[in-house]
$ cat coords01.tsv   # TSV, C-alpha atoms
chain	number	residue	atom	x	y	z
A	1	MET	CA	51.96	-109.27	16.91
A	2	GLN	CA	48.47	-110.63	16.83
A	3	ARG	CA	46.89	-112.28	13.82
A	4	SER	CA	43.28	-111.81	12.80
A	5	GLU	CA	42.04	-114.97	14.44
A	6	GLY	CA	38.28	-115.15	13.86
A	7	ARG	CA	37.92	-111.52	12.74
A	8	ILE	CA	39.90	-108.84	10.96
A	9	LEU	CA	41.81	-106.73	13.48
A	10	THR	CA	42.19	-102.99	12.99
A	11	THR	CA	45.12	-100.65	13.54
A	12	HIS	CA	46.56	-97.57	11.86
A	13	ALA	CA	49.93	-96.25	10.71
A	14	GLY	CA	50.92	-94.02	13.60
A	15	SER	CA	50.45	-90.26	13.78
A	16	LEU	CA	47.10	-88.78	14.81
A	17	PRO	CA	45.92	-85.19	15.24
A	18	ARG	CA	47.50	-83.24	18.06
A	19	PRO	CA	45.68	-80.57	20.10
A	20	PRO	CA	46.33	-77.03	18.77
A	21	GLU	CA	48.11	-75.91	21.93
A	22	LEU	CA	50.58	-78.79	21.63
A	23	VAL	CA	51.15	-78.02	17.93
A	24	ALA	CA	51.91	-74.40	18.82
A	25	MET	CA	54.46	-75.47	21.44
A	26	PHE	CA	56.18	-77.80	19.00
A	27	ALA	CA	56.28	-75.11	16.30
A	28	ASP	CA	57.73	-72.59	18.75
A	29	ARG	CA	60.43	-75.03	19.85
A	30	VAL	CA	61.51	-75.80	16.28
A	31	GLN	CA	61.75	-72.09	15.51
A	32	GLY	CA	63.90	-71.49	18.60
A	33	ARG	CA	61.28	-69.68	20.63
A	34	PRO	CA	61.18	-70.48	24.37
A	35	VAL	CA	58.91	-73.30	25.52
A	36	ALA	CA	58.70	-74.23	29.20
A	37	PRO	CA	59.65	-77.93	29.55
A	38	GLU	CA	57.08	-78.48	32.28
A	39	ALA	CA	54.28	-77.00	30.18
A	40	LEU	CA	55.29	-79.11	27.17
A	41	ALA	CA	55.41	-82.30	29.26
A	42	ALA	CA	51.96	-81.57	30.68
A	43	ALA	CA	50.54	-80.90	27.20
A	44	ILE	CA	52.00	-84.18	25.92
A	45	GLU	CA	50.52	-86.05	28.88
A	46	ASP	CA	47.08	-84.55	28.29
A	47	ALA	CA	47.25	-85.21	24.54
A	48	THR	CA	48.24	-88.86	25.01
A	49	ALA	CA	45.44	-89.41	27.53
A	50	TRP	CA	43.03	-87.80	25.03
A	51	VAL	CA	44.11	-89.67	21.89
A	52	LEU	CA	44.00	-93.21	23.30
A	53	PRO	CA	40.24	-93.36	24.07
A	54	LYS	CA	39.54	-91.68	20.72
A	55	GLN	CA	41.11	-94.70	19.02
A	56	LEU	CA	39.36	-97.23	21.22
A	57	ASP	CA	35.99	-95.52	20.76
A	58	ALA	CA	36.52	-95.75	16.99
A	59	GLY	CA	37.04	-99.50	17.30
A	60	ILE	CA	40.80	-99.68	16.80
A	61	ASP	CA	42.15	-102.99	18.13
A	62	ILE	CA	45.85	-102.12	18.13
A	63	PRO	CA	46.32	-98.44	19.10
A	64	ASN	CA	49.33	-96.29	19.85
A	65	ASN	CA	50.12	-92.96	21.51
A	66	GLY	CA	49.33	-91.06	18.33
A	67	GLU	CA	52.94	-89.80	18.28
A	68	GLN	CA	51.80	-87.03	20.62
A	69	PRO	CA	55.26	-86.77	22.26
A	70	ARG	CA	56.94	-86.08	18.87
A	71	ASP	CA	56.84	-82.95	16.71
A	72	ALA	CA	57.43	-84.93	13.50
A	73	PHE	CA	57.67	-88.62	12.73
A	74	PHE	CA	61.43	-88.63	12.18
A	75	LEU	CA	62.72	-85.11	12.93
A	76	TYR	CA	61.88	-85.50	16.62
A	77	VAL	CA	65.23	-87.29	16.91
A	78	ARG	CA	67.00	-83.92	16.80
A	79	HIS	CA	65.77	-83.44	20.39
A	80	ARG	CA	67.04	-86.86	21.52
A	81	MET	CA	70.30	-87.28	19.61
A	82	SER	CA	73.50	-85.29	19.28
A	83	GLY	CA	74.96	-83.97	16.04
A	84	PHE	CA	71.97	-82.04	14.64
A	85	ALA	CA	72.07	-78.25	14.14
A	86	GLY	CA	70.46	-75.46	12.14
A	87	LEU	CA	67.34	-75.38	10.03
A	88	GLY	CA	67.28	-75.56	6.24
A	89	SER	CA	65.02	-76.82	3.47
A	90	ARG	CA	64.77	-80.29	1.97
A	91	GLN	CA	64.22	-80.91	-1.72
A	92	GLY	CA	60.56	-81.46	-2.57
A	93	PRO	CA	58.97	-84.37	-4.46
A	94	ALA	CA	59.62	-84.42	-8.21
A	95	ASP	CA	55.99	-85.23	-9.02
A	96	VAL	CA	54.84	-82.00	-7.36
A	97	ALA	CA	57.50	-79.88	-9.08
A	98	ARG	CA	56.40	-80.97	-12.54
A	99	TYR	CA	52.91	-79.48	-12.02
A	100	PRO	CA	53.45	-75.75	-11.34
A	101	GLY	CA	49.75	-75.05	-10.86
A	102	PHE	CA	49.43	-77.75	-8.25
A	103	LEU	CA	52.67	-76.62	-6.56
A	104	ALA	CA	51.35	-73.06	-6.25
A	105	MET	CA	48.08	-74.30	-4.77
A	106	ARG	CA	49.97	-76.49	-2.31
A	107	GLN	CA	52.23	-73.64	-1.21
A	108	GLN	CA	49.28	-71.31	-0.74
A	109	SER	CA	47.45	-73.79	1.46
A	110	ALA	CA	50.52	-74.15	3.71
A	111	ALA	CA	51.11	-70.41	4.07
A	112	ASN	CA	50.70	-68.92	7.55
A	113	LYS	CA	49.94	-72.33	9.03
A	114	VAL	CA	51.06	-73.02	12.60
A	115	ALA	CA	52.78	-76.35	12.12
A	116	VAL	CA	56.01	-78.32	11.95
A	117	THR	CA	57.07	-79.56	8.54
A	118	ASN	CA	59.18	-82.55	7.53
A	119	PHE	CA	60.78	-80.38	4.84
A	120	ASP	CA	62.46	-77.90	7.22
A	121	VAL	CA	65.43	-79.98	8.27
A	122	PRO	CA	68.63	-79.52	10.28
A	123	LYS	CA	72.09	-80.72	9.25
A	124	VAL	CA	74.31	-83.30	10.88
A	125	VAL	CA	77.45	-81.47	11.93
A	126	GLY	CA	78.77	-83.78	14.65
A	127	GLN	CA	78.71	-87.31	15.98
A	128	VAL	CA	75.23	-88.84	16.06
A	129	ARG	CA	74.52	-90.67	19.28
A	130	TYR	CA	71.52	-91.13	21.54
A	131	LEU	CA	71.91	-88.61	24.33
A	132	ASP	CA	69.97	-90.29	27.13
A	133	PRO	CA	67.69	-93.36	27.16
A	134	VAL	CA	65.38	-91.42	29.48
A	135	PHE	CA	63.77	-89.80	26.41
A	136	VAL	CA	62.34	-93.01	24.98
A	137	GLU	CA	61.96	-94.64	28.40
A	138	THR	CA	59.72	-91.77	29.51
A	139	GLU	CA	57.61	-91.96	26.35
A	140	CYS	CA	57.11	-95.70	26.73
A	141	ALA	CA	56.46	-95.60	30.48
A	142	ASP	CA	53.97	-92.75	30.14
A	143	PHE	CA	52.03	-94.52	27.41
A	144	ARG	CA	52.06	-97.79	29.37
A	145	ARG	CA	50.70	-96.01	32.43
A	146	ILE	CA	47.90	-94.33	30.44
A	147	LEU	CA	47.14	-97.56	28.58
A	148	THR	CA	46.91	-99.54	31.82
A	149	ALA	CA	44.60	-96.94	33.36
A	150	ARG	CA	42.31	-96.55	30.34
A	151	ALA	CA	42.40	-100.04	28.81
A	152	PRO	CA	43.87	-102.53	31.29
A	153	GLU	CA	42.94	-105.56	29.17
A	154	GLN	CA	44.48	-104.22	25.95
A	155	ARG	CA	46.44	-107.09	24.34
A	156	GLU	CA	48.66	-105.13	21.97
A	157	ALA	CA	49.71	-101.57	21.30
A	158	PHE	CA	52.50	-100.13	19.19
A	159	ILE	CA	54.97	-97.28	19.16
A	160	THR	CA	56.70	-95.99	16.05
A	161	ALA	CA	60.32	-95.12	15.34
A	162	PRO	CA	61.94	-93.98	12.09
A	163	SER	CA	64.15	-95.88	9.72
A	164	PRO	CA	67.79	-94.73	9.68
A	165	GLY	CA	67.30	-94.29	5.95
A	166	ILE	CA	64.72	-91.52	6.13
A	167	ILE	CA	67.02	-89.48	8.35
A	168	ALA	CA	70.06	-90.16	6.18
A	169	ALA	CA	68.16	-89.18	3.04
A	170	ALA	CA	66.43	-86.08	4.44
A	171	VAL	CA	69.02	-84.58	6.78
A	172	PRO	CA	72.21	-83.40	5.03
A	173	ASN	CA	75.40	-84.97	6.36
A	174	GLU	CA	78.33	-82.62	6.93
A	175	TYR	CA	80.22	-84.78	9.40
A	176	TYR	CA	80.60	-88.40	8.26
A	177	ASP	CA	82.91	-89.28	5.39
A	178	SER	CA	80.49	-91.71	3.76
A	179	GLU	CA	76.81	-92.61	3.59
A	180	GLU	CA	77.66	-95.99	5.08
A	181	ALA	CA	79.23	-94.39	8.18
A	182	TYR	CA	76.26	-92.02	8.50
A	183	LEU	CA	73.74	-94.87	8.24
A	184	ASP	CA	75.69	-96.96	10.76
A	185	ALA	CA	75.71	-94.11	13.28
A	186	LEU	CA	71.99	-93.52	12.86
A	187	ALA	CA	71.21	-97.23	13.15
A	188	ALA	CA	73.25	-97.51	16.35
A	189	ALA	CA	71.50	-94.49	17.88
A	190	LEU	CA	68.04	-95.67	16.84
A	191	GLN	CA	68.76	-99.12	18.24
A	192	VAL	CA	68.34	-97.55	21.68
A	193	GLU	CA	64.76	-96.59	20.79
A	194	TYR	CA	63.93	-99.83	19.03
A	195	GLU	CA	65.01	-102.00	21.95
A	196	ALA	CA	63.35	-99.80	24.57
A	197	ILE	CA	59.99	-99.89	22.77
A	198	VAL	CA	60.00	-103.67	22.61
A	199	ALA	CA	61.32	-104.02	26.17
A	200	HIS	CA	58.26	-102.08	27.36
A	201	GLY	CA	56.00	-104.66	25.73
A	202	PHE	CA	54.99	-102.68	22.65
A	203	THR	CA	55.08	-103.71	19.03
A	204	LEU	CA	57.72	-101.66	17.24
A	205	GLN	CA	56.62	-100.06	13.98
A	206	LEU	CA	59.49	-98.88	11.80
A	207	ASP	CA	58.46	-95.94	9.65
A	208	CYS	CA	60.34	-96.30	6.37
A	209	PRO	CA	58.96	-93.98	3.69
A	210	ASP	CA	62.53	-93.71	2.43
A	211	LEU	CA	62.20	-97.21	0.97
A	212	ALA	CA	59.72	-95.83	-1.61
A	213	LEU	CA	59.45	-92.04	-1.30
A	214	GLU	CA	63.11	-91.26	-1.91
A	215	ARG	CA	62.86	-92.60	-5.46
A	216	HIS	CA	61.13	-89.36	-6.48
A	217	ILE	CA	63.11	-87.07	-4.15
A	218	THR	CA	66.77	-87.92	-3.58
A	219	TYR	CA	66.96	-90.39	-6.48
A	220	ALA	CA	64.64	-88.58	-8.91
A	221	ASP	CA	67.42	-88.12	-11.48
A	222	GLN	CA	69.01	-91.55	-11.06
A	223	PRO	CA	68.10	-94.99	-12.40
A	224	VAL	CA	65.85	-97.32	-10.45
A	225	SER	CA	68.82	-99.62	-9.88
A	226	ALA	CA	70.61	-96.88	-7.91
A	227	PHE	CA	67.55	-96.41	-5.73
A	228	VAL	CA	67.18	-100.14	-5.13
A	229	ALA	CA	70.83	-100.22	-4.05
A	230	PHE	CA	70.00	-97.50	-1.50
A	231	VAL	CA	67.07	-99.59	-0.25
A	232	GLU	CA	69.43	-102.54	0.15
A	233	ARG	CA	71.83	-100.44	2.23
A	234	VAL	CA	69.04	-99.18	4.46
A	235	VAL	CA	67.55	-102.63	4.99
A	236	GLY	CA	71.01	-103.85	5.97
A	237	ALA	CA	71.29	-101.04	8.53
A	238	ILE	CA	67.80	-101.82	9.88
A	239	ASN	CA	68.67	-105.48	10.32
A	240	ARG	CA	71.82	-104.61	12.24
A	241	SER	CA	69.81	-102.41	14.59
A	242	LEU	CA	67.22	-105.18	15.14
A	243	ILE	CA	69.74	-107.84	16.06
A	244	ASN	CA	68.46	-108.16	19.64
A	245	ILE	CA	64.74	-107.93	18.83
A	246	PRO	CA	62.46	-110.85	17.93
A	247	ARG	CA	61.18	-110.65	14.37
A	248	ALA	CA	57.60	-111.10	15.56
A	249	ALA	CA	57.80	-107.87	17.57
A	250	VAL	CA	58.39	-105.59	14.58
A	251	ARG	CA	56.27	-104.34	11.70
A	252	LEU	CA	57.65	-102.16	8.92
A	253	HIS	CA	55.70	-99.36	7.24
A	254	VAL	CA	56.57	-98.27	3.70
A	255	CYS	CA	54.86	-95.50	1.73
A	256	TRP	CA	55.41	-93.05	-1.11
A	257	GLY	CA	54.85	-89.92	0.96
A	258	ASN	CA	51.79	-88.91	2.94
A	259	TYR	CA	50.67	-86.05	0.73
A	260	GLU	CA	47.93	-85.44	-1.79
A	261	GLY	CA	49.69	-85.05	-5.12
A	262	PRO	CA	50.08	-86.56	-8.58
A	263	HIS	CA	52.31	-89.43	-7.41
A	264	ASP	CA	52.86	-90.29	-11.07
A	265	LEU	CA	56.60	-90.64	-10.51
A	266	ASP	CA	56.25	-93.20	-7.70
A	267	VAL	CA	58.40	-96.28	-8.01
A	268	ALA	CA	56.38	-99.46	-8.56
A	269	LEU	CA	56.06	-101.68	-5.50
A	270	ALA	CA	57.19	-104.61	-7.64
A	271	ASP	CA	60.58	-102.93	-8.12
A	272	ILE	CA	61.31	-102.59	-4.41
A	273	LEU	CA	59.29	-105.29	-2.64
A	274	PRO	CA	61.88	-108.11	-2.90
A	275	THR	CA	64.49	-105.87	-1.27
A	276	ILE	CA	62.12	-104.54	1.39
A	277	LEU	CA	61.22	-108.08	2.37
A	278	GLY	CA	64.85	-108.63	3.28
A	279	ALA	CA	64.08	-106.77	6.50
A	280	ASN	CA	63.94	-109.09	9.50
A	281	VAL	CA	60.40	-108.15	10.56
A	282	GLY	CA	57.17	-109.99	11.22
A	283	GLY	CA	54.79	-107.59	9.51
A	284	ILE	CA	54.65	-105.28	6.51
A	285	VAL	CA	52.42	-102.18	6.48
A	286	LEU	CA	51.53	-100.96	2.97
A	287	PRO	CA	49.07	-98.43	1.46
A	288	PHE	CA	46.39	-99.91	-0.78
A	289	ALA	CA	43.63	-97.28	-0.46
A	290	ASN	CA	45.11	-94.43	-2.48
A	291	PRO	CA	44.41	-94.42	-6.23
A	292	ARG	CA	48.06	-94.80	-7.25
A	293	HIS	CA	48.81	-98.05	-5.42
A	294	ALA	CA	45.44	-99.73	-4.81
A	295	HIS	CA	46.18	-102.40	-7.43
A	296	GLU	CA	49.48	-103.57	-5.97
A	297	TYR	CA	47.91	-105.95	-3.46
A	298	LYS	CA	47.98	-108.42	-6.36
A	299	LEU	CA	51.70	-108.91	-5.70
A	300	PHE	CA	50.62	-110.90	-2.63
A	301	ASN	CA	48.67	-113.57	-4.50
A	302	HIS	CA	48.97	-116.79	-2.54
A	303	GLY	CA	50.99	-119.67	-3.85
A	304	PRO	CA	54.67	-120.38	-4.41
A	305	ALA	CA	55.28	-116.84	-5.72
A	306	CYS	CA	53.77	-115.05	-2.70
A	307	PRO	CA	56.53	-112.79	-1.37
A	308	LEU	CA	55.52	-112.94	2.30
A	309	ALA	CA	57.15	-115.52	4.52
A	310	ASP	CA	54.84	-117.91	6.35
A	311	ASP	CA	55.39	-116.12	9.66
A	312	GLN	CA	54.64	-112.62	8.33
A	313	ILE	CA	51.43	-110.61	8.39
A	314	LEU	CA	50.25	-107.84	6.08
A	315	VAL	CA	48.77	-104.66	7.52
A	316	ALA	CA	46.82	-103.37	4.56
A	317	GLY	CA	46.06	-99.68	4.22
A	318	VAL	CA	42.36	-99.46	3.32
A	319	ILE	CA	41.76	-95.86	4.46
A	320	ASP	CA	43.25	-92.87	2.61
A	321	THR	CA	44.90	-90.41	5.02
A	322	THR	CA	45.10	-87.46	2.59
A	323	THR	CA	41.40	-86.89	1.86
A	324	ASN	CA	38.41	-85.84	3.95
A	325	TYR	CA	36.17	-88.34	2.19
A	326	VAL	CA	34.90	-90.80	4.80
A	327	GLU	CA	35.08	-94.21	3.17
A	328	HIS	CA	31.87	-96.22	3.15
A	329	PRO	CA	32.22	-99.36	5.33
A	330	GLU	CA	31.24	-101.51	2.34
A	331	VAL	CA	34.11	-99.99	0.34
A	332	VAL	CA	36.47	-100.76	3.21
A	333	ALA	CA	35.13	-104.31	3.45
A	334	ASP	CA	35.61	-104.86	-0.29
A	335	ARG	CA	39.22	-103.70	-0.04
A	336	ILE	CA	39.93	-105.99	2.89
A	337	GLU	CA	38.30	-108.96	1.20
A	338	ARG	CA	40.25	-108.50	-2.04
A	339	ILE	CA	43.51	-108.45	-0.15
A	340	ALA	CA	42.58	-111.40	2.08
A	341	HIS	CA	41.56	-113.49	-0.93
A	342	ALA	CA	44.79	-112.60	-2.71
A	343	LEU	CA	46.89	-113.65	0.26
A	344	GLY	CA	44.76	-116.74	0.75
A	345	ASP	CA	44.63	-116.48	4.54
A	346	PRO	CA	42.55	-113.76	6.26
A	347	THR	CA	44.24	-114.44	9.59
A	348	ARG	CA	47.39	-112.84	8.14
A	349	VAL	CA	45.64	-109.59	7.16
A	350	LEU	CA	45.07	-106.62	9.45
A	351	ALA	CA	43.15	-103.54	8.32
A	352	GLY	CA	44.94	-100.23	8.66
A	353	THR	CA	45.44	-96.79	7.16
A	354	ASP	CA	47.69	-95.83	4.28
A	355	CYS	CA	49.85	-93.61	6.48
A	356	GLY	CA	49.60	-91.37	9.53
A	357	PHE	CA	47.11	-88.51	9.73
A	358	ASP	CA	49.56	-85.89	11.04
A	359	THR	CA	53.12	-86.98	10.26
A	360	SER	CA	54.41	-83.58	11.37
A	361	ALA	CA	52.50	-81.60	13.95
A	362	GLY	CA	49.76	-79.47	12.42
A	363	MET	CA	50.38	-80.48	8.80
A	364	GLY	CA	47.65	-83.09	8.52
A	365	LYS	CA	45.16	-82.54	5.69
A	366	VAL	CA	42.25	-84.38	7.33
A	367	ALA	CA	40.13	-82.52	9.89
A	368	GLU	CA	40.36	-83.95	13.38
A	369	ASP	CA	36.69	-84.94	13.63
A	370	VAL	CA	36.89	-86.56	10.20
A	371	VAL	CA	39.88	-88.64	11.33
A	372	TRP	CA	37.77	-90.38	13.98
A	373	ALA	CA	34.96	-90.92	11.47
A	374	LYS	CA	37.41	-92.52	9.05
A	375	LEU	CA	38.76	-94.82	11.77
A	376	ALA	CA	35.20	-95.75	12.73
A	377	ALA	CA	34.53	-96.57	9.07
A	378	LEU	CA	37.67	-98.72	9.10
A	379	SER	CA	36.32	-100.69	12.07
A	380	ALA	CA	32.83	-100.99	10.56
A	381	GLY	CA	34.28	-102.25	7.28
A	382	ALA	CA	36.45	-104.75	9.12
A	383	ARG	CA	33.37	-106.14	10.87
A	384	ILE	CA	31.58	-106.59	7.55
A	385	ALA	CA	34.61	-108.26	6.01
A	386	SER	CA	34.99	-110.51	9.05
A	387	ASP	CA	31.43	-111.78	8.67
A	388	ARG	CA	32.13	-112.69	5.06
A	389	LEU	CA	35.64	-114.05	5.50
A	390	PHE	CA	35.11	-116.01	8.71
A	391	GLY	CA	31.42	-116.87	8.33
A	392	GLN	CA	30.33	-115.34	11.61

$ encode --input "coords01.tsv" --output "structure tokens"
Amino acid sequence: MQRSEGRILTTHAGSLPRPPELVAMFADRVQGRPVAPEALAAAIEDATAWVLPKQLDAGIDIPNNGEQPRDAFFLYVRHRMSGFAGLGSRQGPADVARYPGFLAMRQQSAANKVAVTNFDVPKVVGQVRYLDPVFVETECADFRRILTARAPEQREAFITAPSPGIIAAAVPNEYYDSEEAYLDALAAALQVEYEAIVAHGFTLQLDCPDLALERHITYADQPVSAFVAFVERVVGAINRSLINIPRAAVRLHVCWGNYEGPHDLDVALADILPTILGANVGGIVLPFANPRHAHEYKLFNHGPACPLADDQILVAGVIDTTTNYVEHPEVVADRIERIAHALGDPTRVLAGTDCGFDTSAGMGKVAEDVVWAKLAALSAGARIASDRLFGQ
């Protein structure tokens, strides 16, 4: 991973808008309706070739494939791994349930929408294993080919993959006799993806909302200590799956759920950060733009108590991915500067987004044209901050 040598580099957290025709294909496939494999592959190819220059035109330094080949940031694994079957519903966030008026408004806005949702989940009814490395190899090779054609001098790009914990928490287990066995199986299967992504020369971003979000879903009725114990188990599984990957090739993204909502039951970052930092990764990606967690950058104040290791970077979310407000570049610059001053070293800060813009196909709340404007504002703010932080 690059550091911000001389200027603040920009990136984002992963998912980007998908073309409507691709969303429709993904939705049809999830619902069991026929989708021609050749047509789907062509739509993915076109979408990936479309989304890369959109990022570069917006000034993003470290882009990705926008997760165009996936229908949802973690549920896509049901198409690449064995053991998954059926389609049921996952428990919703506790903070949303406690506001009936907001819940009704949220449900109404989602009605009749052509999309894939992270809350319609299968079950695990058999052994989880990666079916064929060709799935991830094809995704990586296709993105590398498009990247080389469109941006041959690009120094770094990333591809995401989910934490074993988000799958274990969201997808009911009816096969393994313990959570530990379930996590181990998921970690072993995901290891195939993790190693392939890095072998193709990409930075691996682990998407781990489970390390914060599950406090107000799966663990809503349990003490914080029980949730922290879950985080410890997941971090252990992640580290086992990363055993063959250099620490500097991995960044880990944690969030409290990419949805507009009260979020007043979110676990404090201070409660989970020491455990999260047990992950053997070179970068941490955290949301600091949204109004519930914007203050928590203070945990990274430089000095003996700073939780980051000397070799780690912080990708700071300074753009909110749940609102169509386009942040003013000066606001973005102020956010970056606060975080850089807290950490005491601007070279260890990258500017990013709080989360993805379309974590499951078609469910994004930000209009496609506004997404590119928000990423352009991110880049403009990073330039302003760079002038102030590096004196250029």

$ residues_around --input "coords01.tsv" --residues "Phe84 in chain A" --least-positions-apart "6" --cutoff "8 Å" --atoms "all atoms listed in the file" --output "PyMOL selection string"
chain A and resi 78+122-126+128

$ residues_around --input "coords01.tsv" --residues "Phe227 in chain A" --least-positions-apart "4" --cutoff "9 Å" --atoms "only C-alpha atoms" --output "VMD selection string"
chain A and resid 211 to 212 214 to 215 218 to 220 222 to 223 231 to 232 272

$ atom_distance --input "coords01.tsv" --atom1 "CA of Val77 in chain A" --atom2 "CA of Asp266 in chain A"
26.9 Å

$ atom_distance --input "coords01.tsv" --atom1 "CA of Val198 in chain A" --atom2 "CA of Phe74 in chain A"
18.4 Å

$ atom_distance --input "coords01.tsv" --atom1 "CA of Asp311 in chain A" --atom2 "CA of Gly356 in chain A"
25.4 Å

$ closest_residue --input "coords01.tsv" --among "A:Glu180, A:Asp271, A:Asp354, A:Glu174" --to "Thr321 in chain A" --atoms "only C-alpha atoms"
A:Asp354

$ residues_near_point --input "coords01.tsv" --point "(60.0, -91.2, -1.7)" --cutoff "12 Å" --atoms "all atoms listed in the file" --output "PyMOL selection string"
chain A and resi 91-96+165-166+169-170+208-220+227-228+230-231+254-259+263-269+272

$ residues_around --input "coords01.tsv" --residues "Tyr182 in chain A" --least-positions-apart "3" --cutoff "10 Å" --atoms "only C-alpha atoms" --output "list in words"
Val124, Gln127, Val128, Pro164, Gly165, Ile167, Ala168, Asn173, Glu174, Tyr175, Tyr176, Asp177, Ser178, Glu179, Ala185, Leu186 and Ala187 of chain A

$ residues_around --input "coords01.tsv" --residues "range 5-11 of chain A" --least-positions-apart "6" --cutoff "7 Å" --atoms "only C-alpha atoms" --output "VMD selection string"
chain A and resid 60 to 63 347 349 to 352 379 382 386 390

$ axis_aligned_box --input "coords01.tsv" --around "range 159-164 of chain A" --padding-each-side "4 Å" --output "AutoDock Vina command-line options"
--center_x 61.4 --center_y -95.6 --center_z 14.4 --size_x 20.8 --size_y 11.3 --size_z 17.5

$ closest_residue --input "coords01.tsv" --among "A:Gln31, A:Asn324, A:Thr160, A:Thr48" --to "Thr117 in chain A" --atoms "all atoms listed in the file"
A:Gln31

$ closest_residue --input "coords01.tsv" --among "A:Asp387, A:Glu153, A:Asp46, A:Glu137" --to "Glu21 in chain A" --atoms "only C-alpha atoms"
A:Asp46

$ closest_residue --input "coords01.tsv" --among "A:Pro20, A:Asn65, A:Pro172, A:Phe158" --to "Leu87 in chain A" --atoms "only C-alpha atoms"
A:Pro172
